[in-house]
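Shown next: model-v3.csv, given as CSV, C-alpha atoms.
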chain,number,residue,atom,x,y,z
A,1,MET,CA,5.7,-0.2,-187.5
A,2,ASN,CA,2.7,-1.3,-189.5
A,3,PHE,CA,2.4,-4.3,-191.7
A,4,PHE,CA,3.0,-2.4,-195.0
A,5,GLU,CA,6.1,-0.7,-193.6
A,6,LYS,CA,7.5,-4.0,-192.5
A,7,GLN,CA,6.9,-5.6,-195.9
A,8,MET,CA,8.5,-2.7,-197.6
A,9,GLN,CA,11.5,-2.9,-195.3
A,10,LEU,CA,11.8,-6.7,-195.9
A,11,GLY,CA,11.6,-6.1,-199.7
A,12,ARG,CA,14.3,-3.5,-199.5
A,13,GLU,CA,16.5,-5.8,-197.4
A,14,MET,CA,16.0,-8.7,-199.8
A,15,LEU,CA,16.8,-6.4,-202.8
A,16,GLU,CA,20.0,-5.2,-201.1
A,17,LEU,CA,21.0,-8.8,-200.3
A,18,ASN,CA,20.3,-9.8,-203.9
A,19,VAL,CA,22.4,-7.0,-205.3
A,20,GLU,CA,25.2,-7.7,-202.9
A,21,TRP,CA,25.3,-11.4,-203.7
A,22,PHE,CA,24.9,-10.9,-207.4
A,23,ARG,CA,28.0,-8.6,-207.3
A,24,LYS,CA,29.9,-11.2,-205.3
A,25,PHE,CA,29.0,-14.0,-207.7
A,26,ALA,CA,30.0,-11.9,-210.7
A,27,GLU,CA,33.3,-10.9,-209.1
A,28,TYR,CA,34.0,-14.6,-208.3
A,29,ASP,CA,33.1,-15.7,-211.9
A,30,VAL,CA,35.4,-13.0,-213.4
A,31,GLU,CA,38.3,-14.1,-211.2
A,32,ASN,CA,37.7,-17.8,-212.2
A,33,ILE,CA,37.5,-16.9,-215.9
A,34,ARG,CA,40.8,-15.0,-215.6
A,35,LYS,CA,42.4,-18.1,-213.9
A,36,PHE,CA,41.0,-20.4,-216.6
A,37,VAL,CA,42.4,-18.2,-219.4
A,38,GLU,CA,45.8,-18.1,-217.7
A,39,PHE,CA,45.6,-21.9,-217.1
A,40,ASN,CA,44.9,-22.5,-220.8
A,41,GLN,CA,47.6,-20.1,-221.9
A,42,ASP,CA,50.1,-22.0,-219.7
A,43,PHE,CA,49.3,-25.3,-221.3
A,44,ALA,CA,49.1,-23.8,-224.8
A,45,GLY,CA,52.6,-22.4,-224.3
A,46,ARG,CA,53.9,-25.8,-223.4
A,47,LEU,CA,52.5,-27.5,-226.5
A,48,PRO,CA,55.5,-26.5,-228.7
A,49,GLU,CA,57.7,-28.4,-226.3
A,50,VAL,CA,55.9,-31.7,-227.1
A,51,ARG,CA,58.1,-33.9,-229.3
A,52,ASP,CA,56.5,-37.3,-228.9
A,53,VAL,CA,53.2,-39.0,-228.2
A,54,GLN,CA,54.1,-39.9,-224.6
A,55,THR,CA,54.9,-36.3,-223.7
A,56,PHE,CA,51.6,-35.2,-225.3
A,57,VAL,CA,49.7,-37.8,-223.3
A,58,GLU,CA,51.4,-36.7,-220.1
A,59,LEU,CA,50.6,-33.1,-220.8
A,60,GLN,CA,47.0,-34.0,-221.5
A,61,ARG,CA,46.8,-36.0,-218.3
A,62,GLU,CA,48.2,-33.1,-216.2
A,63,TYR,CA,45.8,-30.7,-218.0
A,64,GLY,CA,42.9,-32.9,-217.2
A,65,GLU,CA,43.9,-33.3,-213.5
A,66,ARG,CA,44.4,-29.6,-213.0
A,67,LEU,CA,41.2,-28.7,-214.8
A,68,TRP,CA,39.2,-31.2,-212.7
A,69,GLU,CA,40.8,-29.8,-209.4
A,70,GLY,CA,40.1,-26.2,-210.5
A,71,THR,CA,36.5,-27.1,-211.4
A,72,GLN,CA,36.0,-28.8,-208.0
A,73,ASP,CA,37.4,-25.7,-206.2
A,74,VAL,CA,35.0,-23.4,-208.2
A,75,VAL,CA,32.0,-25.5,-207.4
A,76,LYS,CA,32.9,-25.7,-203.7
A,77,GLY,CA,33.4,-21.9,-203.6
A,78,ARG,CA,30.1,-21.2,-205.4
A,79,THR,CA,28.3,-23.7,-203.1
A,80,GLU,CA,29.7,-21.9,-200.0
A,81,MET,CA,28.7,-18.5,-201.4
A,82,LEU,CA,25.2,-19.8,-202.1
A,83,ARG,CA,24.9,-21.2,-198.6
A,84,GLU,CA,25.9,-17.9,-197.1
A,85,ALA,CA,23.4,-16.0,-199.4
A,86,VAL,CA,20.6,-18.3,-198.4
A,87,GLU,CA,21.5,-18.0,-194.7
A,88,GLU,CA,21.4,-14.1,-195.0
A,89,GLY,CA,18.1,-14.2,-196.8
A,90,GLY,CA,16.7,-16.6,-194.2
A,91,ALA,CA,17.9,-14.4,-191.4
A,92,ALA,CA,16.1,-11.4,-193.0
A,93,LEU,CA,12.9,-13.3,-193.3
A,94,ARG,CA,13.1,-14.7,-189.8
A,95,LYS,CA,13.7,-11.1,-188.5
A,96,ALA,CA,10.7,-9.8,-190.3
A,97,PHE,CA,8.3,-12.5,-189.2
A,98,THR,CA,9.7,-12.9,-185.7
A,99,GLN,CA,8.9,-9.2,-185.1
A,100,ASP,CA,5.4,-9.7,-186.4
A,101,GLN,CA,4.8,-12.6,-184.1
A,102,ALA,CA,6.2,-10.8,-181.0
A,103,GLU,CA,4.1,-7.7,-181.7
A,104,GLU,CA,1.0,-9.9,-182.2
A,105,GLU,CA,1.6,-11.6,-178.9
A,106,VAL,CA,2.0,-8.2,-177.1
A,107,GLN,CA,-1.2,-6.9,-178.7
A,108,GLN,CA,-3.1,-10.1,-177.7
A,109,ALA,CA,-1.9,-9.8,-174.2
A,110,ALA,CA,-3.1,-6.2,-174.0
As C-alpha coordinates:
Amino acid sequence: MNFFEKQMQLGREMLELNVEWFRKFAEYDVENIRKFVEFNQDFAGRLPEVRDVQTFVELQREYGERLWEGTQDVVKGRTEMLREAVEEGGAALRKAFTQDQAEEEVQQAA
(Lines of atoms letter the chains of each structure in order from A and count residues from 1; the text may use other names and numbers.)
(Lines give C-alpha, C1' and ligand atoms only; values in the text may rest on other atoms or scores of the structure.)
Protein backbone atom coordinates (compact mmCIF):
# COMPACT_ATOMS: atom_id res chain seq x y z
CA MET A 1 0.00 0.00 0.00
CA ASN A 2 1.49 3.35 -0.96
CA PHE A 3 1.73 6.44 1.20
CA PHE A 4 -1.41 8.11 -0.15
CA GLU A 5 -3.52 4.99 0.28
CA LYS A 6 -2.33 4.67 3.88
CA GLN A 7 -3.16 8.30 4.59
CA MET A 8 -6.61 7.90 3.04
CA GLN A 9 -7.20 4.78 5.11
CA LEU A 10 -6.08 6.59 8.29
CA GLY A 11 -8.36 9.52 7.47
CA ARG A 12 -11.28 7.16 6.90
CA GLU A 13 -10.62 5.32 10.19
CA MET A 14 -10.35 8.59 12.12
CA LEU A 15 -13.59 9.86 10.55
CA GLU A 16 -15.39 6.63 11.47
CA LEU A 17 -14.08 6.87 15.04
CA ASN A 18 -15.20 10.50 15.29
CA VAL A 19 -18.69 9.67 14.03
CA GLU A 20 -18.96 6.69 16.39
CA TRP A 21 -17.83 8.65 19.43
CA PHE A 22 -19.91 11.70 18.57
CA ARG A 23 -22.96 9.41 18.46
CA LYS A 24 -22.01 7.83 21.80
CA PHE A 25 -21.53 11.24 23.45
CA ALA A 26 -24.85 12.47 22.05
CA GLU A 27 -26.68 9.37 23.32
CA TYR A 28 -25.04 9.77 26.73
CA ASP A 29 -26.02 13.45 26.89
CA VAL A 30 -29.62 12.71 25.87
CA GLU A 31 -29.88 10.09 28.60
CA ASN A 32 -28.43 12.48 31.19
CA ILE A 33 -30.79 15.27 30.18
CA ARG A 34 -33.72 12.86 30.54
CA LYS A 35 -32.50 11.90 34.02
CA PHE A 36 -32.04 15.56 34.96
CA VAL A 37 -35.59 16.44 33.85
CA GLU A 38 -37.02 13.50 35.82
CA PHE A 39 -34.91 14.50 38.82
CA ASN A 40 -36.24 18.07 38.73
CA GLN A 41 -39.82 16.89 38.22
CA ASP A 42 -39.47 14.67 41.29
CA PHE A 43 -38.37 17.57 43.47
CA ALA A 44 -40.89 19.97 41.95
CA GLY A 45 -43.61 17.45 42.79
CA ARG A 46 -42.46 17.40 46.39
CA LEU A 47 -42.59 21.20 46.80
CA PRO A 48 -46.33 21.35 47.56
CA GLU A 49 -45.68 19.05 50.54
CA VAL A 50 -43.45 21.70 52.15
CA ARG A 51 -45.23 23.33 55.07
CA ASP A 52 -42.40 25.03 56.96
CA VAL A 53 -38.94 26.49 56.46
CA GLN A 54 -37.12 23.51 57.98
CA THR A 55 -38.74 21.07 55.55
CA PHE A 56 -37.88 23.41 52.66
CA VAL A 57 -34.24 23.61 53.77
CA GLU A 58 -34.05 19.81 54.08
CA LEU A 59 -35.54 19.43 50.61
CA GLN A 60 -33.03 21.92 49.23
CA ARG A 61 -30.17 20.11 50.95
CA GLU A 62 -31.28 16.77 49.52
CA TYR A 63 -31.70 18.34 46.08
CA GLY A 64 -28.21 19.83 46.22
CA GLU A 65 -26.62 16.56 47.36
CA ARG A 66 -28.32 14.50 44.67
CA LEU A 67 -27.54 17.10 42.02
CA TRP A 68 -23.86 17.11 43.04
CA GLU A 69 -23.69 13.30 42.99
CA GLY A 70 -25.37 13.19 39.59
CA THR A 71 -23.00 15.81 38.22
CA GLN A 72 -19.99 13.85 39.46
CA ASP A 73 -21.32 10.67 37.85
CA VAL A 74 -21.84 12.46 34.53
CA VAL A 75 -18.34 13.96 34.58
CA LYS A 76 -16.79 10.58 35.45
CA GLY A 77 -18.75 8.90 32.65
CA ARG A 78 -17.76 11.51 30.08
CA THR A 79 -14.14 11.35 31.22
CA GLU A 80 -14.10 7.58 30.78
CA MET A 81 -15.71 7.87 27.35
CA LEU A 82 -13.19 10.51 26.31
CA ARG A 83 -10.32 8.33 27.52
CA GLU A 84 -11.62 5.42 25.44
CA ALA A 85 -12.02 7.65 22.37
CA VAL A 86 -8.46 8.97 22.70
CA GLU A 87 -7.12 5.43 23.13
CA GLU A 88 -8.92 4.25 19.98
CA GLY A 89 -7.67 7.24 18.01
CA GLY A 90 -4.14 6.67 19.29
CA ALA A 91 -4.34 3.01 18.32
CA ALA A 92 -5.36 3.95 14.79
CA LEU A 93 -2.46 6.40 14.53
CA ARG A 94 0.03 3.89 15.94
CA LYS A 95 -1.22 1.28 13.50
CA ALA A 96 -0.79 3.62 10.53
CA PHE A 97 2.69 4.80 11.46
CA THR A 98 3.94 1.43 12.75
CA GLN A 99 3.17 -0.10 9.37
CA ASP A 100 5.07 2.72 7.68
CA GLN A 101 8.14 2.16 9.82
CA ALA A 102 8.07 -1.62 9.34
CA GLU A 103 7.82 -1.23 5.56
CA GLU A 104 10.64 1.32 5.51
CA GLU A 105 12.87 -1.06 7.47
CA VAL A 106 12.09 -3.88 5.01
CA GLN A 107 12.85 -1.61 2.05
CA GLN A 108 16.11 -0.43 3.61
CA ALA A 109 17.16 -4.01 4.31
CA ALA A 110 16.52 -5.00 0.68
statement: Counting only C-alpha atoms, the residue among A:Gly64, A:Gly89, A:Gly45, A:Gly70 that lies closest to Glu20 (chain A) is A:Gly89
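Minimum distance to Arg12 (chain A) across A:Ala44, A:Ala26, A:Leu93, A:Ile33 (counting all atoms listed in the file) occurs at A:Leu93.
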Would you mind listing, for every residue of region 23-77 of chain A within 12 Å of region 14-19 of chain A, the two atoms forming the shortest contact and the distance between them in Å to one decimal, using all atoms listed in the file, sorted by chain and ascending residue number, as CSV?
residue,atom,partner,partner_atom,distance
A:Arg23,CA,A:Val19,CA,6.2
A:Lys24,CA,A:Val19,CA,8.6
A:Phe25,CA,A:Val19,CA,9.9
A:Ala26,CA,A:Val19,CA,10.5
message: So the first atom is CA of Glu27 (chain A) and the second is CA of Phe43 (chain A); what is the distance between them in Å, to one decimal place?
response: 24.7 Å
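CA of Gln72 (chain A) to CA of Asp42 (chain A) spans 19.5 Å [interatomic distance, one decimal].
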- request: Grab the CA of Val50 (chain A) to CA of Lys35 (chain A) distance for me, in Å with one decimal place.
  value: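 A separation of 23.3 Å between them.
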Skipping near chain neighbours, those fewer than 6 positions away, what residues fall within 12 Å of Tyr63 (chain A) using all atoms listed in the file, listed as a PDB file with C-alpha atoms, in the frame of the given file?
ATOM      1  CA  PHE A  36      41.000 -20.400-216.600  1.00  0.00           C
ATOM      2  CA  PHE A  39      45.600 -21.900-217.100  1.00  0.00           C
ATOM      3  CA  ASN A  40      44.900 -22.500-220.800  1.00  0.00           C
ATOM      4  CA  GLN A  41      47.600 -20.100-221.900  1.00  0.00           C
ATOM      5  CA  ASP A  42      50.100 -22.000-219.700  1.00  0.00           C
ATOM      6  CA  PHE A  43      49.300 -25.300-221.300  1.00  0.00           C
ATOM      7  CA  ALA A  44      49.100 -23.800-224.800  1.00  0.00           C
ATOM      8  CA  ARG A  46      53.900 -25.800-223.400  1.00  0.00           C
ATOM      9  CA  LEU A  47      52.500 -27.500-226.500  1.00  0.00           C
ATOM     10  CA  PHE A  56      51.600 -35.200-225.300  1.00  0.00           C
ATOM     11  CA  VAL A  57      49.700 -37.800-223.300  1.00  0.00           C
ATOM     12  CA  GLU A  69      40.800 -29.800-209.400  1.00  0.00           C
ATOM     13  CA  GLY A  70      40.100 -26.200-210.500  1.00  0.00           C
ATOM     14  CA  THR A  71      36.500 -27.100-211.400  1.00  0.00           C
TER      15      THR A  71
END
task: Mind checking which residues fall within 9 Å of Leu10 (chain A), counting all atoms listed in the file, ignoring those fewer than 6 positions away in the same chain, and posting them as a list in words?
output: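 So, after excluding close chain neighbours, the residues are Ala92, Leu93, Lys95 and Ala96 of chain A.
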Now that the selection is made, can you save its residues with C-alpha atoms as a tab-separated table (two decimals), keeping the file's coordinate frame?
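Final output, part_10.tsv:
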chain	number	residue	atom	x	y	z
A	92	ALA	CA	16.10	-11.40	-193.00
A	93	LEU	CA	12.90	-13.30	-193.30
A	95	LYS	CA	13.70	-11.10	-188.50
A	96	ALA	CA	10.70	-9.80	-190.30
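Remark: for Asp29 (chain A), the closest of the candidate residues A:Leu59, A:Leu67, A:Met8, A:Met81 is A:Met81 (distances computed over only C-alpha atoms).
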Box dimensions and centre (Å, one decimal) enclosing region 15-34 of chain A, axis-aligned, 4 Å extra per side, as lines of an AutoDock Vina configuration file:
center_x = 28.8
center_y = -11.5
center_z = -208.1
size_x = 32.0
size_y = 20.6
size_z = 23.6
Completion step: region 46-62 of chain A with N, CA, C and O atoms as a CSV table (one decimal), in the frame of the given file:
chain,number,residue,atom,x,y,z
A,46,ARG,N,53.1,-24.6,-223.5
A,46,ARG,CA,53.9,-25.8,-223.4
A,46,ARG,C,53.7,-26.8,-224.5
A,46,ARG,O,54.5,-27.7,-224.7
A,47,LEU,N,52.7,-26.6,-225.4
A,47,LEU,CA,52.5,-27.5,-226.5
A,47,LEU,C,53.7,-27.6,-227.5
A,47,LEU,O,54.0,-28.6,-228.0
A,48,PRO,N,54.3,-26.4,-227.8
A,48,PRO,CA,55.5,-26.5,-228.7
A,48,PRO,C,56.6,-27.4,-228.2
A,48,PRO,O,57.4,-27.9,-229.0
A,49,GLU,N,56.7,-27.6,-226.9
A,49,GLU,CA,57.7,-28.4,-226.3
A,49,GLU,C,57.5,-29.9,-226.5
A,49,GLU,O,58.4,-30.7,-226.3
A,50,VAL,N,56.3,-30.3,-226.9
A,50,VAL,CA,55.9,-31.7,-227.1
A,50,VAL,C,56.6,-32.2,-228.3
A,50,VAL,O,56.5,-31.7,-229.4
A,51,ARG,N,57.4,-33.3,-228.2
A,51,ARG,CA,58.1,-33.9,-229.3
A,51,ARG,C,57.7,-35.3,-229.6
A,51,ARG,O,58.0,-35.8,-230.6
A,52,ASP,N,56.9,-35.9,-228.7
A,52,ASP,CA,56.5,-37.3,-228.9
A,52,ASP,C,55.1,-37.5,-228.3
A,52,ASP,O,54.6,-36.7,-227.6
A,53,VAL,N,54.5,-38.7,-228.6
A,53,VAL,CA,53.2,-39.0,-228.2
A,53,VAL,C,53.1,-39.1,-226.7
A,53,VAL,O,52.2,-38.6,-226.0
A,54,GLN,N,54.1,-39.7,-226.1
A,54,GLN,CA,54.1,-39.9,-224.6
A,54,GLN,C,54.1,-38.6,-223.9
A,54,GLN,O,53.4,-38.4,-222.9
A,55,THR,N,54.9,-37.6,-224.3
A,55,THR,CA,54.9,-36.3,-223.7
A,55,THR,C,53.6,-35.6,-223.9
A,55,THR,O,53.1,-35.0,-222.9
A,56,PHE,N,53.0,-35.8,-225.0
A,56,PHE,CA,51.6,-35.2,-225.3
A,56,PHE,C,50.6,-35.8,-224.3
A,56,PHE,O,49.8,-35.1,-223.8
A,57,VAL,N,50.6,-37.1,-224.2
A,57,VAL,CA,49.7,-37.8,-223.3
A,57,VAL,C,49.9,-37.3,-221.8
A,57,VAL,O,48.9,-37.1,-221.1
A,58,GLU,N,51.1,-37.2,-221.4
A,58,GLU,CA,51.4,-36.7,-220.1
A,58,GLU,C,50.9,-35.3,-219.9
A,58,GLU,O,50.3,-34.9,-218.8
A,59,LEU,N,51.1,-34.4,-220.9
A,59,LEU,CA,50.6,-33.1,-220.8
A,59,LEU,C,49.1,-33.0,-220.7
A,59,LEU,O,48.5,-32.3,-219.9
A,60,GLN,N,48.4,-33.9,-221.5
A,60,GLN,CA,47.0,-34.0,-221.5
A,60,GLN,C,46.5,-34.5,-220.1
A,60,GLN,O,45.5,-34.0,-219.6
A,61,ARG,N,47.2,-35.4,-219.6
A,61,ARG,CA,46.8,-36.0,-218.3
A,61,ARG,C,46.9,-34.9,-217.2
A,61,ARG,O,46.0,-34.7,-216.4
A,62,GLU,N,48.0,-34.2,-217.2
A,62,GLU,CA,48.2,-33.1,-216.2
A,62,GLU,C,47.2,-32.0,-216.4
A,62,GLU,O,46.6,-31.5,-215.5
